[in-house]
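For reference, the structure discussed in these notes is given below.
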Amino acid sequence: MQIAVVLFDRLTALDAIGPYETLQRLPGATVTFLGERTGEYRTDNGFLGLTADATYDEVPHPDVVVVPGGVGCRAHLEPGPMRDWLLSAHATSRFTTSVCTGSLILAAAGLLDGLTAATHWSAYDLLAKLGAVPTGDRVVEHLDERIITAAGVSSGIDMALRLSELLVDDVAARAMQLMIEYDPEPPFDAGSTDKAGEDVMERVIAYSADKA
């Protein structure tokens with residue numbers, strides 16, 4: 001079972017690494033990080049680099065596709081090598097998935113036309129303009145279309161656990177959850193816009209502007 005995680009400049013690291021940490025432990029799974037070129041891609045703030053070991057041409061038909069998000073995804077909303085590969089890979093994949101604003105790339109490729117989809121809350125308007133129907137759910141499935149989208153960053157782990165169930169079974173999914181000790185007890189309850197409050201929203205906007 002070949003799982004392809006797409007890399008590009010200025011992606012969000014956990015969007016890729018969260019699903020990787022979960023899915024790479026599935027029996028028979030091989031996770032390949034790939035990109036338009038091999039080598040290092042720097043994450044959104046430039047502090048961290050992730051390495052692509054293969055190009056699109058070297059992994060034409062993966063079983064699972066994972067497209068992360070990040071500010072760099074906007075550079076891939078127009079036709080280009082990533083879109084060409086994504087459409088070709090999706091034609092034969094078991095599941096094509098996205099995390100956070102990675103759903104913008106799926107939508108721009110026409111894979112989410114008229115479908116509900118998850119993304120980061122800050123990208124709802126753009127996702128709608130690209131033909132999808134944004135929803136606040138953490139994970140959105142369209143199994144007939146073989147597409148699953150996840151909301152911001154940490155929800156990629158939720159999606160990967162669901163994928164584990166779909167690819168193997170529910171016991172495997174629970175085993176993956178225990179393996180990574182995913183049992184969250186956050187010290188704060190501000191993980192969605194309806195819980196955060198105005199002061200937190202103002203701070204998020206300010207911090208995001210500094211990193212743009």
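Residue numbering restarts at 1 in every chain; chains get A, B, ... in the order shown in the structure tokens, and ligands count up from 1 in that same order.
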Exercise. Could you name the residues that touch stretch 6-22 of chain A at 9 Å or less, counting only C-alpha atoms, but leaving out those on the same chain fewer than 3 positions away, as a ChimeraX atom specification?
Worked result: /A:3,25-26,31-36,40-46,48-52,56,65-73,76,82,98-100,102,152-161,164,173,176-177,179-180
Let me see the file: selected residues, C-alpha atoms, as an mmCIF file, in the first residue's frame.
data_model
loop_
_atom_site.group_PDB
_atom_site.id
_atom_site.type_symbol
_atom_site.label_atom_id
_atom_site.label_comp_id
_atom_site.auth_asym_id
_atom_site.auth_seq_id
_atom_site.Cartn_x
_atom_site.Cartn_y
_atom_site.Cartn_z
ATOM 1 C CA ILE A 3 0.779 6.464 0.494
ATOM 2 C CA ARG A 25 2.543 2.230 10.992
ATOM 3 C CA LEU A 26 -0.209 0.439 9.067
ATOM 4 C CA VAL A 31 4.825 6.463 2.852
ATOM 5 C CA THR A 32 6.595 8.481 0.171
ATOM 6 C CA PHE A 33 7.096 12.228 0.388
ATOM 7 C CA LEU A 34 7.112 13.609 -3.144
ATOM 8 C CA GLY A 35 7.135 16.886 -5.036
ATOM 9 C CA GLU A 36 7.744 18.485 -8.377
ATOM 10 C CA GLU A 40 14.125 19.932 0.597
ATOM 11 C CA TYR A 41 10.994 22.038 0.862
ATOM 12 C CA ARG A 42 10.847 24.680 3.572
ATOM 13 C CA THR A 43 7.710 24.923 5.685
ATOM 14 C CA ASP A 44 5.508 28.000 6.016
ATOM 15 C CA ASN A 45 7.719 30.020 8.345
ATOM 16 C CA GLY A 46 10.965 28.699 6.875
ATOM 17 C CA LEU A 48 11.804 23.579 9.135
ATOM 18 C CA GLY A 49 12.641 21.632 5.996
ATOM 19 C CA LEU A 50 11.001 18.421 4.773
ATOM 20 C CA THR A 51 12.572 16.241 2.099
ATOM 21 C CA ALA A 52 10.874 14.826 -0.984
ATOM 22 C CA TYR A 56 5.485 13.080 -9.300
ATOM 23 C CA VAL A 65 -2.860 10.783 -1.671
ATOM 24 C CA VAL A 66 -2.386 13.301 1.151
ATOM 25 C CA VAL A 67 -2.258 16.989 0.204
ATOM 26 C CA PRO A 68 -1.265 19.267 3.094
ATOM 27 C CA GLY A 69 -2.050 22.952 3.384
ATOM 28 C CA GLY A 70 -0.101 26.071 4.239
ATOM 29 C CA VAL A 71 0.324 29.524 2.765
ATOM 30 C CA GLY A 72 2.267 28.004 -0.114
ATOM 31 C CA CYS A 73 -0.765 26.174 -1.463
ATOM 32 C CA HIS A 76 -0.725 25.684 -6.837
ATOM 33 C CA MET A 82 0.904 19.352 -9.179
ATOM 34 C CA SER A 98 -6.336 16.880 2.095
ATOM 35 C CA VAL A 99 -5.542 18.604 5.366
ATOM 36 C CA CYS A 100 -6.253 22.247 6.162
ATOM 37 C CA GLY A 102 -4.841 21.523 1.009
ATOM 38 C CA GLY A 152 -6.920 22.769 10.190
ATOM 39 C CA VAL A 153 -3.663 21.034 11.119
ATOM 40 C CA SER A 154 -4.466 18.671 14.032
ATOM 41 C CA SER A 155 -7.584 17.326 12.319
ATOM 42 C CA GLY A 156 -5.250 15.596 9.878
ATOM 43 C CA ILE A 157 -4.606 13.042 12.623
ATOM 44 C CA ASP A 158 -8.354 12.449 12.972
ATOM 45 C CA MET A 159 -8.548 11.931 9.220
ATOM 46 C CA ALA A 160 -5.608 9.526 9.246
ATOM 47 C CA LEU A 161 -7.260 7.444 11.960
ATOM 48 C CA SER A 164 -6.709 3.550 8.963
ATOM 49 C CA ALA A 173 -7.292 2.476 13.707
ATOM 50 C CA MET A 176 -2.654 3.484 15.538
ATOM 51 C CA GLN A 177 -4.277 5.867 18.010
ATOM 52 C CA MET A 179 0.671 3.807 19.151
ATOM 53 C CA ILE A 180 0.913 7.582 18.810
#
Exercise. What lies within 12 Å of stretch 186-192 of chain A using only C-alpha atoms, ignoring chain neighbours under 5 positions off, as a VMD selection string?
Worked result: chain A and resid 120 to 122 136 to 138 151 to 155 197 to 201 204
Using C-alpha atoms, can you export the residues from the last selection as a PDB file, in the first residue's frame?
ATOM      1  CA  HIS A 120      -8.941  25.988   7.786  1.00  0.00           C
ATOM      2  CA  TRP A 121     -11.594  28.430   9.004  1.00  0.00           C
ATOM      3  CA  SER A 122      -9.738  31.361   7.441  1.00  0.00           C
ATOM      4  CA  GLY A 136     -16.983  23.420  10.026  1.00  0.00           C
ATOM      5  CA  ASP A 137     -16.685  19.647  10.450  1.00  0.00           C
ATOM      6  CA  ARG A 138     -13.209  18.374  11.286  1.00  0.00           C
ATOM      7  CA  ALA A 151      -9.891  20.936   8.685  1.00  0.00           C
ATOM      8  CA  GLY A 152      -6.920  22.769  10.190  1.00  0.00           C
ATOM      9  CA  VAL A 153      -3.663  21.034  11.119  1.00  0.00           C
ATOM     10  CA  SER A 154      -4.466  18.671  14.032  1.00  0.00           C
ATOM     11  CA  SER A 155      -7.584  17.326  12.319  1.00  0.00           C
ATOM     12  CA  GLY A 197     -13.614  34.839  21.782  1.00  0.00           C
ATOM     13  CA  GLU A 198     -12.811  38.237  20.315  1.00  0.00           C
ATOM     14  CA  ASP A 199      -9.512  38.745  22.167  1.00  0.00           C
ATOM     15  CA  VAL A 200      -8.150  35.441  20.871  1.00  0.00           C
ATOM     16  CA  MET A 201      -9.345  36.168  17.331  1.00  0.00           C
ATOM     17  CA  VAL A 204      -4.620  35.184  15.855  1.00  0.00           C
TER      18      VAL A 204
END
For this session: Could you tell me how far atom CA of A:His61 lies from atom CA of A:His142, in Å and to one decimal?
Result: 20.0 Å
Problem set entry | Exercise: A:Leu104 partners within 8 Å, only C-alpha atoms, chain neighbours under 5 positions left out, as a PyMOL selection string | chain A and resi 73-74+77+119+126-127+130
Output the selection as a PDB file, in the first residue's frame - N, CA and C atoms for each residue.
ATOM      1  N   CYS A  73       0.169  26.872  -0.567  1.00  0.00           N
ATOM      2  CA  CYS A  73      -0.765  26.174  -1.463  1.00  0.00           C
ATOM      3  C   CYS A  73      -1.359  27.111  -2.500  1.00  0.00           C
ATOM      4  N   ARG A  74      -1.399  28.418  -2.205  1.00  0.00           N
ATOM      5  CA  ARG A  74      -1.978  29.363  -3.167  1.00  0.00           C
ATOM      6  C   ARG A  74      -1.224  29.369  -4.489  1.00  0.00           C
ATOM      7  N   LEU A  77      -2.858  26.752  -7.202  1.00  0.00           N
ATOM      8  CA  LEU A  77      -4.276  26.771  -7.548  1.00  0.00           C
ATOM      9  C   LEU A  77      -4.503  26.926  -9.043  1.00  0.00           C
ATOM     10  N   THR A 119     -11.715  22.722   5.615  1.00  0.00           N
ATOM     11  CA  THR A 119     -10.483  23.474   5.406  1.00  0.00           C
ATOM     12  C   THR A 119     -10.238  24.296   6.655  1.00  0.00           C
ATOM     13  N   LEU A 126     -12.553  31.419   0.171  1.00  0.00           N
ATOM     14  CA  LEU A 126     -11.809  31.015  -1.025  1.00  0.00           C
ATOM     15  C   LEU A 126     -12.221  29.614  -1.461  1.00  0.00           C
ATOM     16  N   LEU A 127     -12.437  28.726  -0.511  1.00  0.00           N
ATOM     17  CA  LEU A 127     -12.874  27.381  -0.873  1.00  0.00           C
ATOM     18  C   LEU A 127     -14.205  27.422  -1.605  1.00  0.00           C
ATOM     19  N   LEU A 130     -13.911  28.405  -5.145  1.00  0.00           N
ATOM     20  CA  LEU A 130     -13.321  27.353  -5.971  1.00  0.00           C
ATOM     21  C   LEU A 130     -14.304  26.203  -6.232  1.00  0.00           C
TER      22      LEU A 130
END
Problem set entry | Distance in Å - atom CA of A:His90 versus atom CA of A:Gly110 |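 Separating atom CA of A:His90 from atom CA of A:Gly110 is a distance of 11.3 Å.
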For this session: Could you give me the residues within stretch 3-185 of chain A that DSSP places in helix (DSSP H, G or I), as JSON, numbers by chain?
Result: {"A": [13, 14, 15, 16, 17, 18, 19, 20, 21, 22, 23, 56, 57, 58, 71, 72, 73, 74, 75, 76, 81, 82, 83, 84, 85, 86, 87, 88, 89, 90, 102, 103, 104, 105, 106, 107, 108, 121, 122, 123, 124, 125, 126, 127, 128, 129, 155, 156, 157, 158, 159, 160, 161, 162, 163, 164, 165, 166, 167, 170, 171, 172, 173, 174, 175, 176, 177, 178, 179]}
For this session: Report as a list in words: the residues of stretch 26-118 of chain A with a DSSP assignment of strand (DSSP E), based on the backbone of this structure.
Result: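 Output for stretch 26-118 of chain A, strand (DSSP E) only: Thr30, Val31, Thr32, Phe33, Leu34, Gly35, Gly39, Glu40, Tyr41, Arg42, Gly49, Leu50, Thr51, Ala52, Ala54, Thr55, Val64, Val65, Val66, Val67, Phe95, Thr96, Thr97, Ser98, Val99, Thr116 and Ala117 of chain A.
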Which neighbours of A:Gly28 fall inside 12 Å, counting only C-alpha atoms, when residues of the same chain fewer than 5 positions from it are skipped, and could you give them as a short mmCIF file (atom, residue, chain, number, x, y, z; two decimals) with C-alpha atoms, in the first residue's frame?
data_model
loop_
_atom_site.label_atom_id
_atom_site.label_comp_id
_atom_site.auth_asym_id
_atom_site.auth_seq_id
_atom_site.Cartn_x
_atom_site.Cartn_y
_atom_site.Cartn_z
CA MET A 1 0.00 0.00 0.00
CA GLN A 2 1.65 3.20 -1.21
CA ILE A 3 0.78 6.46 0.49
CA LEU A 23 -0.42 5.94 8.49
CA ASP A 63 -3.15 4.07 -3.18
CA SER A 164 -6.71 3.55 8.96
CA LEU A 167 -7.87 0.77 4.74
CA VAL A 168 -7.65 -1.98 7.37
#
Exercise. Between atom CA of A:Glu181 and atom CA of A:Pro27, what is the distance, to one decimal in Å?
Worked result: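 Those two atoms sit 18.1 Å apart.
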